[in-house]
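model.txt follows; it contains compact mmCIF, C-alpha atoms and all ligand atoms.
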# COMPACT_ATOMS: atom_id res chain seq x y z
CA MET A 344 58.78 114.51 130.98
CA THR A 345 62.32 114.48 129.52
CA PRO A 346 62.75 112.18 126.52
CA PRO A 347 64.96 109.14 127.02
CA THR A 348 68.56 109.84 126.03
CA ALA A 349 70.54 107.44 123.87
CA HIS A 350 73.15 105.39 125.69
CA PRO A 351 76.37 107.37 125.17
CA GLN A 352 79.06 105.54 123.27
CA SER A 353 82.07 104.73 125.39
CA TRP A 354 85.37 104.67 123.52
CA SER A 355 88.57 103.41 125.08
CA PHE A 356 92.12 103.33 123.75
CA ARG A 357 94.98 101.15 124.86
CA ARG A 358 98.31 100.19 123.41
CA LEU A 359 98.22 97.30 120.99
CA THR A 360 99.88 94.16 122.36
CA ARG A 361 101.25 91.14 120.53
CA ASP A 362 98.07 89.28 121.53
CA ASP A 363 96.15 91.68 119.28
CA PHE A 364 98.21 90.85 116.19
CA PRO A 365 95.86 88.10 114.84
CA LEU A 366 92.95 90.58 114.92
CA LEU A 367 95.09 93.25 113.27
CA GLU A 368 96.11 90.75 110.57
CA THR A 369 92.44 90.14 109.66
CA TRP A 370 91.81 93.89 109.54
CA LEU A 371 94.84 94.54 107.32
CA ALA A 372 93.82 91.68 105.00
CA ASP A 373 90.44 93.27 104.29
CA ASP A 374 90.32 94.53 100.68
CA ASP A 375 88.79 97.90 101.59
CA VAL A 376 91.52 98.53 104.18
CA ARG A 377 94.28 97.32 101.85
CA ARG A 378 93.03 99.73 99.20
CA TRP A 379 94.25 102.55 101.43
CA TRP A 380 96.78 101.03 103.82
CA GLN A 381 98.78 98.65 101.57
CA HIS A 382 100.19 96.81 104.57
CA ASP A 383 101.27 93.18 104.28
CA PRO A 384 98.83 91.33 106.62
CA SER A 385 101.11 88.30 107.16
CA PRO A 386 102.04 87.50 110.78
CA GLU A 387 105.71 88.10 109.96
CA ALA A 388 105.10 91.55 108.50
CA VAL A 389 102.75 92.58 111.31
CA ALA A 390 105.25 91.44 113.94
CA ALA A 391 108.05 93.29 112.12
CA ASP A 392 106.14 96.57 111.82
CA PHE A 393 104.09 96.63 115.02
CA GLY A 394 106.35 94.63 117.35
CA ASP A 395 108.53 97.52 118.54
CA SER A 396 105.51 99.64 119.30
CA ALA A 397 103.80 96.78 121.15
CA ASP A 398 106.98 96.38 123.17
CA GLY A 399 107.05 100.10 124.00
CA LYS A 400 110.17 100.77 121.92
CA GLU A 401 108.66 103.28 119.49
CA PRO A 402 108.03 106.97 120.16
CA GLY A 403 104.59 106.63 118.57
CA GLU A 404 101.62 104.68 119.92
CA ASP A 405 99.60 102.04 118.11
CA LEU A 406 96.25 102.14 119.89
CA LEU A 407 93.48 99.61 119.83
CA ALA A 408 90.21 101.56 119.80
CA SER A 409 87.27 99.82 121.45
CA LEU A 410 83.64 100.83 121.57
CA ASP A 411 81.86 99.66 124.69
CA GLY A 412 84.66 97.10 125.09
CA ARG A 413 84.54 95.81 121.50
CA PRO A 414 87.70 96.36 119.38
CA VAL A 415 86.73 98.47 116.36
CA GLY A 416 89.85 100.07 114.99
CA LEU A 417 93.50 100.98 115.08
CA VAL A 418 94.78 104.50 115.67
CA GLN A 419 98.43 105.40 115.28
CA ARG A 420 99.30 108.49 117.28
CA SER A 421 102.59 110.32 117.69
CA ARG A 422 104.24 113.69 118.02
CA VAL A 423 104.93 114.72 114.43
CA HIS A 424 108.48 115.63 115.45
CA ALA A 425 109.15 112.06 116.59
CA TYR A 426 109.36 111.17 112.90
CA PRO A 427 111.55 113.57 110.85
CA GLU A 428 110.24 112.19 107.56
CA ASP A 429 106.70 113.17 108.61
CA VAL A 430 107.83 116.65 109.64
CA GLU A 431 109.29 117.05 106.16
CA ILE A 432 106.00 116.10 104.48
CA PHE A 433 103.77 118.27 106.71
CA GLU A 434 106.10 121.28 106.53
CA ARG A 435 106.53 121.06 102.77
CA ILE A 436 102.74 121.04 102.28
CA ALA A 437 101.45 123.11 105.18
CA GLY A 438 104.31 125.12 106.75
CA PRO A 439 105.99 124.93 110.18
CA VAL A 440 104.77 122.26 112.62
CA HIS A 441 104.64 123.01 116.36
CA GLU A 442 107.02 120.86 118.44
CA HIS A 443 104.10 119.27 120.32
CA ALA A 444 101.71 118.83 117.38
CA VAL A 445 100.32 115.30 117.16
CA GLU A 446 99.58 113.28 114.02
CA LEU A 447 97.17 110.38 113.52
CA ASP A 448 96.63 107.52 111.11
CA TYR A 449 93.76 105.06 111.50
CA LEU A 450 91.47 102.38 110.24
CA VAL A 451 88.14 100.85 111.16
CA GLY A 452 88.78 97.12 110.96
CA ALA A 453 85.62 95.19 110.14
CA PRO A 454 83.78 95.86 106.85
CA GLY A 455 80.42 96.03 108.63
CA ASP A 456 81.73 98.79 110.89
CA ARG A 457 82.73 101.20 108.13
CA GLY A 458 80.35 103.78 106.70
CA ARG A 459 78.22 103.98 109.87
CA GLY A 460 79.79 106.97 111.54
CA LEU A 461 82.07 104.90 113.75
CA GLY A 462 85.24 106.24 112.14
CA SER A 463 84.23 109.84 112.88
CA ALA A 464 83.25 108.96 116.43
CA MET A 465 86.47 107.03 117.06
CA LEU A 466 88.56 109.94 115.79
CA ASP A 467 86.64 112.49 117.82
CA ALA A 468 87.24 110.41 120.94
CA VAL A 469 90.95 109.98 120.28
CA VAL A 470 91.40 113.71 119.62
CA GLN A 471 89.69 114.51 122.92
CA ASP A 472 91.96 112.01 124.62
CA THR A 473 94.98 113.61 122.92
CA PHE A 474 94.04 117.08 124.18
CA ARG A 475 94.17 115.81 127.78
CA ASP A 476 97.90 116.51 127.30
CA PRO A 477 97.98 120.30 127.81
CA GLN A 478 101.08 120.69 125.64
CA VAL A 479 99.35 119.59 122.44
CA PRO A 480 98.12 122.64 120.47
CA TYR A 481 96.61 120.82 117.49
CA VAL A 482 96.28 117.50 115.70
CA LEU A 483 97.32 116.98 112.08
CA VAL A 484 96.40 114.30 109.57
CA SER A 485 97.68 113.89 106.02
CA VAL A 486 95.16 112.12 103.78
CA VAL A 487 95.46 111.21 100.12
CA ALA A 488 92.83 113.37 98.38
CA ALA A 489 91.30 110.32 96.70
CA ASN A 490 90.28 109.00 100.13
CA ARG A 491 87.26 111.26 100.47
CA ARG A 492 85.70 109.03 103.12
CA SER A 493 88.72 109.56 105.35
CA TRP A 494 88.96 113.35 105.10
CA ARG A 495 85.17 113.71 105.35
CA ALA A 496 85.26 111.68 108.58
CA LEU A 497 87.73 114.29 109.87
CA GLU A 498 85.77 117.30 108.63
CA ARG A 499 82.68 115.96 110.38
CA ILE A 500 84.46 116.29 113.73
CA GLY A 501 85.96 119.75 113.34
CA PHE A 502 89.10 119.24 111.30
CA ARG A 503 89.60 121.56 108.34
CA ILE A 504 91.80 121.25 105.29
CA VAL A 505 94.63 123.74 105.83
CA ALA A 506 96.75 122.90 102.77
CA SER A 507 97.02 120.47 99.88
CA GLY A 508 100.08 119.21 98.05
CA ASP A 509 101.83 116.18 96.71
CA ALA A 510 103.26 113.34 98.79
CA GLU A 511 103.94 109.70 98.05
CA PRO A 512 100.61 107.84 98.30
CA ASP A 513 100.34 104.56 100.27
CA ASN A 514 98.78 103.05 97.18
CA PRO A 515 100.90 103.75 94.08
CA ALA A 516 97.69 103.69 92.02
CA ASP A 517 96.59 106.96 93.63
CA ASP A 518 97.37 110.49 92.52
CA PRO A 519 99.95 112.00 94.91
CA LEU A 520 97.68 114.89 95.92
CA HIS A 521 97.18 114.94 99.71
CA HIS A 522 95.16 117.14 102.03
CA VAL A 523 96.56 118.21 105.39
CA LEU A 524 93.77 118.52 107.95
CA ARG A 525 94.10 120.19 111.32
CA ARG A 526 91.97 120.42 114.45
CA ASP A 527 92.94 122.98 117.07
CA ARG A 528 92.51 122.48 120.78
C1 LIG B 601 88.44 106.16 106.81
C2 LIG B 601 87.56 105.49 107.85
C3 LIG B 601 88.27 105.49 109.19
C4 LIG B 601 86.28 106.35 107.96
O1 LIG B 601 85.43 105.76 108.91
P1 LIG B 601 83.92 105.35 108.54
O2 LIG B 601 83.30 104.90 109.79
O3 LIG B 601 83.96 104.38 107.40
O4 LIG B 601 83.33 106.73 107.99
P2 LIG B 601 82.04 107.49 108.51
O5 LIG B 601 80.87 106.55 108.49
O6 LIG B 601 82.38 108.19 109.79
O7 LIG B 601 81.80 108.53 107.31
C5 LIG B 601 82.71 109.54 106.97
C6 LIG B 601 82.31 110.14 105.64
O8 LIG B 601 82.58 109.23 104.58
C7 LIG B 601 81.38 108.98 103.84
N1 LIG B 601 81.41 107.58 103.44
C8 LIG B 601 81.07 106.51 104.17
N2 LIG B 601 81.27 105.39 103.46
C9 LIG B 601 81.72 105.78 102.24
C10 LIG B 601 82.13 105.08 101.07
N3 LIG B 601 82.08 103.74 101.00
N4 LIG B 601 82.57 105.81 100.02
C11 LIG B 601 82.62 107.16 100.07
N5 LIG B 601 82.28 107.87 101.19
C12 LIG B 601 81.82 107.17 102.25
C13 LIG B 601 80.27 109.30 104.80
O9 LIG B 601 79.06 109.60 104.11
C14 LIG B 601 80.84 110.50 105.51
O10 LIG B 601 80.83 111.66 104.66
P3 LIG B 601 79.66 112.75 104.68
O11 LIG B 601 79.80 113.48 106.00
O12 LIG B 601 80.01 113.62 103.50
O13 LIG B 601 78.35 112.02 104.56
C15 LIG B 601 87.19 104.04 107.44
O14 LIG B 601 86.35 104.04 106.30
C16 LIG B 601 88.42 103.17 107.14
O15 LIG B 601 88.98 102.60 108.05
N6 LIG B 601 88.79 103.04 105.85
C17 LIG B 601 89.88 102.15 105.43
C18 LIG B 601 91.25 102.62 105.94
C19 LIG B 601 91.50 104.08 105.65
O16 LIG B 601 91.14 104.61 104.62
N7 LIG B 601 92.17 104.75 106.62
C20 LIG B 601 92.47 106.17 106.53
C21 LIG B 601 93.83 106.41 106.04
S1 LIG B 601 94.18 108.18 105.99
For the structure just supplied, provide its representation as structure tokens.
Amino acid sequence: MTPPTAHPQSWSFRRLTRDDFPLLETWLADDDVRRWWQHDPSPEAVAADFGDSADGKEPGEDLLASLDGRPVGLVQRSRVHAYPEDVEIFERIAGPVHEHAVELDYLVGAPGDRGRGLGSAMLDAVVQDTFRDPQVPYVLVSVVAANRRSWRALERIGFRIVASGDAEPDNPADDPLHHVLRRDR
């Protein structure tokens, strides 16, 4: 007899809308998120920084990540070359970036959801979704070295550190050392 298999987790990703802003505000106000993201969680600041993307006016996507229909996190996804300042950082640390390389930034919103493997699973699912675009050769993430939890979540799903170097940290309290992690198709 075959053993029962666990119910597979079902991740879905959709563009953030303005209706999601109150949830995003609570996530950004969480101390453990603010430690690394340093984003003003006020409604005004969230509308100012996420409004264009919600309205489809940004080249990058702000994605609401849901697990079995429950919103769990935010993933920002874009072609690196859509943002020249990001190209500069990646190329200075890790060398030339392919024109279709994609970059990610992310958070798991609720404190009870962090540290349970959900971040790794969410990132694995979004990378698989990203590779549905046949043009994308690899995914890059730049992580401040102090954020071990974040780069370990990436290593667990097949990213590897390809270079390390200094960049301005989100949190000025952190050392500028960053790791660039990459996962190939
Ligand atoms: C980074 C983040 C997405 C990781 O997701 P997560 O679900 O918390 O992490 P996981 O449970 O998948 O664990 C990933 C690794 O971190 C470790 N970890 C988990 N909680 C930890 C903690 N509180 N402190 C240190 N390491 C921790 C895990 O043990 C695992 O490493 P291991 O393979 O060496 O055991 C999530 O913690 C988060 O949103 N943090 C706040 C925002 C942030 O830092 N965003 C990233 C910006 S680059």
Check your understanding: Please, which residues have at least one atom within 8 Å of an atom of ligand LIG 601 (chain B), using all atoms listed in the file, listed as a VMD selection string?
Key -> chain A and resid 375 to 380 416 448 to 452 456 to 464 466 484 to 487 490 to 499
Sphere at (106.1, 94.4, 120.0), radius 12 Å, counting all atoms listed in the file: residues as a PDB file with C-alpha atoms, in the frame of the given file:
ATOM      1  CA  ARG A 358      98.310 100.190 123.410  1.00  0.00           C
ATOM      2  CA  LEU A 359      98.220  97.300 120.990  1.00  0.00           C
ATOM      3  CA  THR A 360      99.880  94.160 122.360  1.00  0.00           C
ATOM      4  CA  ARG A 361     101.250  91.140 120.530  1.00  0.00           C
ATOM      5  CA  ASP A 362      98.070  89.280 121.530  1.00  0.00           C
ATOM      6  CA  ASP A 363      96.150  91.680 119.280  1.00  0.00           C
ATOM      7  CA  PHE A 364      98.210  90.850 116.190  1.00  0.00           C
ATOM      8  CA  GLU A 387     105.710  88.100 109.960  1.00  0.00           C
ATOM      9  CA  ALA A 388     105.100  91.550 108.500  1.00  0.00           C
ATOM     10  CA  VAL A 389     102.750  92.580 111.310  1.00  0.00           C
ATOM     11  CA  ALA A 390     105.250  91.440 113.940  1.00  0.00           C
ATOM     12  CA  ALA A 391     108.050  93.290 112.120  1.00  0.00           C
ATOM     13  CA  ASP A 392     106.140  96.570 111.820  1.00  0.00           C
ATOM     14  CA  PHE A 393     104.090  96.630 115.020  1.00  0.00           C
ATOM     15  CA  GLY A 394     106.350  94.630 117.350  1.00  0.00           C
ATOM     16  CA  ASP A 395     108.530  97.520 118.540  1.00  0.00           C
ATOM     17  CA  SER A 396     105.510  99.640 119.300  1.00  0.00           C
ATOM     18  CA  ALA A 397     103.800  96.780 121.150  1.00  0.00           C
ATOM     19  CA  ASP A 398     106.980  96.380 123.170  1.00  0.00           C
ATOM     20  CA  GLY A 399     107.050 100.100 124.000  1.00  0.00           C
ATOM     21  CA  LYS A 400     110.170 100.770 121.920  1.00  0.00           C
ATOM     22  CA  GLU A 401     108.660 103.280 119.490  1.00  0.00           C
ATOM     23  CA  GLU A 404     101.620 104.680 119.920  1.00  0.00           C
ATOM     24  CA  ASP A 405      99.600 102.040 118.110  1.00  0.00           C
TER      25      ASP A 405
END
Exercise for review: Can you work out which one of A:Asp513, A:Ala408, A:His521, A:Ser353 has the shortest atom-to-atom distance to His382 (chain A), counting only C-alpha atoms?
Suggested key: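 Smallest distance to His382 (chain A) is found for A:Asp513.
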Point to revise | Gap from CA of Pro402 (chain A) to CA of His443 (chain A) - Å, one decimal | key: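 Computing the Euclidean distance for CA of Pro402 (chain A) and CA of His443 (chain A) yields 12.9 Å.
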Review point. If you measure from CA of Glu434 (chain A) to CA of Val469 (chain A), what distance in Å do you get, rounded to one decimal?
Key: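 So the two atoms, CA of Glu434 (chain A) and CA of Val469 (chain A), lie 23.4 Å apart.
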As AutoDock Vina command-line options, what would the box around region 419-425 of chain A look like: edges along x, y and z, 5 Å added on every side, centre and edge lengths in Å to one decimal?
--center_x 103.8 --center_y 110.5 --center_z 116.2 --size_x 20.7 --size_y 20.2 --size_z 13.6
Point to revise | Top pick for closest residue to Arg422 (chain A), considering A:Ser355, A:Asn514, A:Thr369, A:Thr473 and counting all atoms listed in the file | key: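 Going through A:Ser355, A:Asn514, A:Thr369, A:Thr473 one by one, the smallest distance to Arg422 (chain A) is for A:Thr473.
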Review point. Pick from A:Leu520, A:Asp527, A:Glu511, A:Met465: nearest to Pro480 (chain A), with only C-alpha atoms counted?
Key: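 Of the candidates, the smallest distance to Pro480 (chain A) is held by A:Asp527.
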Practice item. Between CA of Arg525 (chain A) and CA of Ala453 (chain A), measure the distance and give it in Å to one decimal. Key: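 For CA of Arg525 (chain A) relative to CA of Ala453 (chain A), the distance reads 26.4 Å.
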Exercise for review: Would you mind telling me which residue in A:Leu367, A:Tyr481, A:Arg435, A:Phe474 lies nearest to Val415 (chain A) when using only C-alpha atoms?
Suggested key: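 Of all the options, A:Leu367 lies closest to Val415 (chain A).
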Point to revise | Residue with smallest distance to Ala425 (chain A) - pool A:Val445, A:Pro439, A:Ser409, A:Pro512, counting only C-alpha atoms | key: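 Among the listed residues, A:Val445 lies closest to Ala425 (chain A).
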Point to revise | Nearest to Gln419 (chain A), chosen from A:Pro365, A:Leu406, A:Arg503, A:Val482, with all atoms listed in the file counted in the distances | key: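 Closest residue, counting all atoms listed in the file: A:Leu406.
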Point to revise | Cut-off 6 Å around (98.5, 112.5, 115.5) with only C-alpha atoms: residues as a PyMOL selection string | key: chain A and resi 420-421+445-447+482-483
Please write region 386-397 of chain A of the preceding block to a file containing all heavy atoms, as a JSON list (two decimals), in the first residue's frame?
[["chain", "number", "residue", "atom", "x", "y", "z"],
["A", 386, "PRO", "N", -0.32, 54.79, 5.50],
["A", 386, "PRO", "CA", -1.09, 54.67, 4.26],
["A", 386, "PRO", "C", -0.56, 55.60, 3.16],
["A", 386, "PRO", "O", -0.53, 55.22, 1.98],
["A", 386, "PRO", "CB", -2.51, 55.07, 4.68],
["A", 386, "PRO", "CG", -2.57, 54.75, 6.15],
["A", 386, "PRO", "CD", -1.18, 55.01, 6.68],
["A", 387, "GLU", "N", -0.12, 56.79, 3.56],
["A", 387, "GLU", "CA", 0.37, 57.75, 2.55],
["A", 387, "GLU", "C", 1.64, 57.20, 1.87],
["A", 387, "GLU", "O", 1.77, 57.26, 0.64],
["A", 387, "GLU", "CB", 0.70, 59.10, 3.21],
["A", 387, "GLU", "CG", -0.50, 59.80, 3.85],
["A", 387, "GLU", "CD", -0.97, 59.15, 5.16],
["A", 387, "GLU", "OE1", -0.15, 58.50, 5.86],
["A", 387, "GLU", "OE2", -2.17, 59.27, 5.48],
["A", 388, "ALA", "N", 2.55, 56.68, 2.68],
["A", 388, "ALA", "CA", 3.81, 56.20, 2.11],
["A", 388, "ALA", "C", 3.58, 54.95, 1.26],
["A", 388, "ALA", "O", 4.20, 54.78, 0.21],
["A", 388, "ALA", "CB", 4.81, 55.90, 3.23],
["A", 389, "VAL", "N", 2.70, 54.07, 1.71],
["A", 389, "VAL", "CA", 2.42, 52.86, 0.94],
["A", 389, "VAL", "C", 1.77, 53.23, -0.39],
["A", 389, "VAL", "O", 2.15, 52.72, -1.46],
["A", 389, "VAL", "CB", 1.56, 51.88, 1.76],
["A", 389, "VAL", "CG1", 0.99, 50.78, 0.88],
["A", 389, "VAL", "CG2", 2.39, 51.28, 2.89],
["A", 390, "ALA", "N", 0.83, 54.15, -0.34],
["A", 390, "ALA", "CA", 0.18, 54.58, -1.60],
["A", 390, "ALA", "C", 1.20, 55.23, -2.52],
["A", 390, "ALA", "O", 1.19, 55.00, -3.74],
["A", 390, "ALA", "CB", -0.97, 55.55, -1.30],
["A", 391, "ALA", "N", 2.12, 56.01, -1.95],
["A", 391, "ALA", "CA", 3.11, 56.70, -2.79],
["A", 391, "ALA", "C", 4.06, 55.70, -3.45],
["A", 391, "ALA", "O", 4.41, 55.85, -4.62],
["A", 391, "ALA", "CB", 3.89, 57.71, -1.95],
["A", 392, "ASP", "N", 4.46, 54.67, -2.71],
["A", 392, "ASP", "CA", 5.49, 53.77, -3.23],
["A", 392, "ASP", "C", 4.94, 52.56, -3.98],
["A", 392, "ASP", "O", 5.65, 51.95, -4.78],
["A", 392, "ASP", "CB", 6.40, 53.29, -2.09],
["A", 392, "ASP", "CG", 7.30, 54.41, -1.60],
["A", 392, "ASP", "OD1", 7.34, 55.45, -2.27],
["A", 392, "ASP", "OD2", 7.95, 54.24, -0.56],
["A", 393, "PHE", "N", 3.71, 52.18, -3.69],
["A", 393, "PHE", "CA", 3.16, 50.97, -4.34],
["A", 393, "PHE", "C", 2.01, 51.31, -5.31],
["A", 393, "PHE", "O", 1.54, 50.44, -6.02],
["A", 393, "PHE", "CB", 2.67, 49.97, -3.29],
["A", 393, "PHE", "CG", 3.79, 49.37, -2.47],
["A", 393, "PHE", "CD1", 4.24, 49.98, -1.31],
["A", 393, "PHE", "CD2", 4.42, 48.20, -2.89],
["A", 393, "PHE", "CE1", 5.28, 49.43, -0.56],
["A", 393, "PHE", "CE2", 5.47, 47.65, -2.15],
["A", 393, "PHE", "CZ", 5.90, 48.27, -0.98],
["A", 394, "GLY", "N", 1.59, 52.59, -5.30],
["A", 394, "GLY", "CA", 0.44, 52.98, -6.11],
["A", 394, "GLY", "C", 0.67, 52.78, -7.60],
["A", 394, "GLY", "O", -0.17, 52.22, -8.30],
["A", 395, "ASP", "N", 1.83, 53.23, -8.10],
["A", 395, "ASP", "CA", 2.09, 53.13, -9.54],
["A", 395, "ASP", "C", 2.10, 51.67, -9.98],
["A", 395, "ASP", "O", 1.57, 51.32, -11.04],
["A", 395, "ASP", "CB", 3.44, 53.77, -9.88],
["A", 395, "ASP", "CG", 3.31, 55.27, -10.06],
["A", 395, "ASP", "OD1", 2.17, 55.78, -10.01],
["A", 395, "ASP", "OD2", 4.35, 55.93, -10.25],
["A", 396, "SER", "N", 2.72, 50.83, -9.14],
["A", 396, "SER", "CA", 2.77, 49.42, -9.52],
["A", 396, "SER", "C", 1.37, 48.81, -9.49],
["A", 396, "SER", "O", 0.99, 48.04, -10.39],
["A", 396, "SER", "CB", 3.74, 48.72, -8.57],
["A", 396, "SER", "OG", 3.35, 47.44, -8.32],
["A", 397, "ALA", "N", 0.58, 49.16, -8.47],
["A", 397, "ALA", "CA", -0.80, 48.64, -8.40],
["A", 397, "ALA", "C", -1.61, 49.09, -9.62],
["A", 397, "ALA", "O", -2.50, 48.37, -10.09],
["A", 397, "ALA", "CB", -1.47, 49.11, -7.11]]
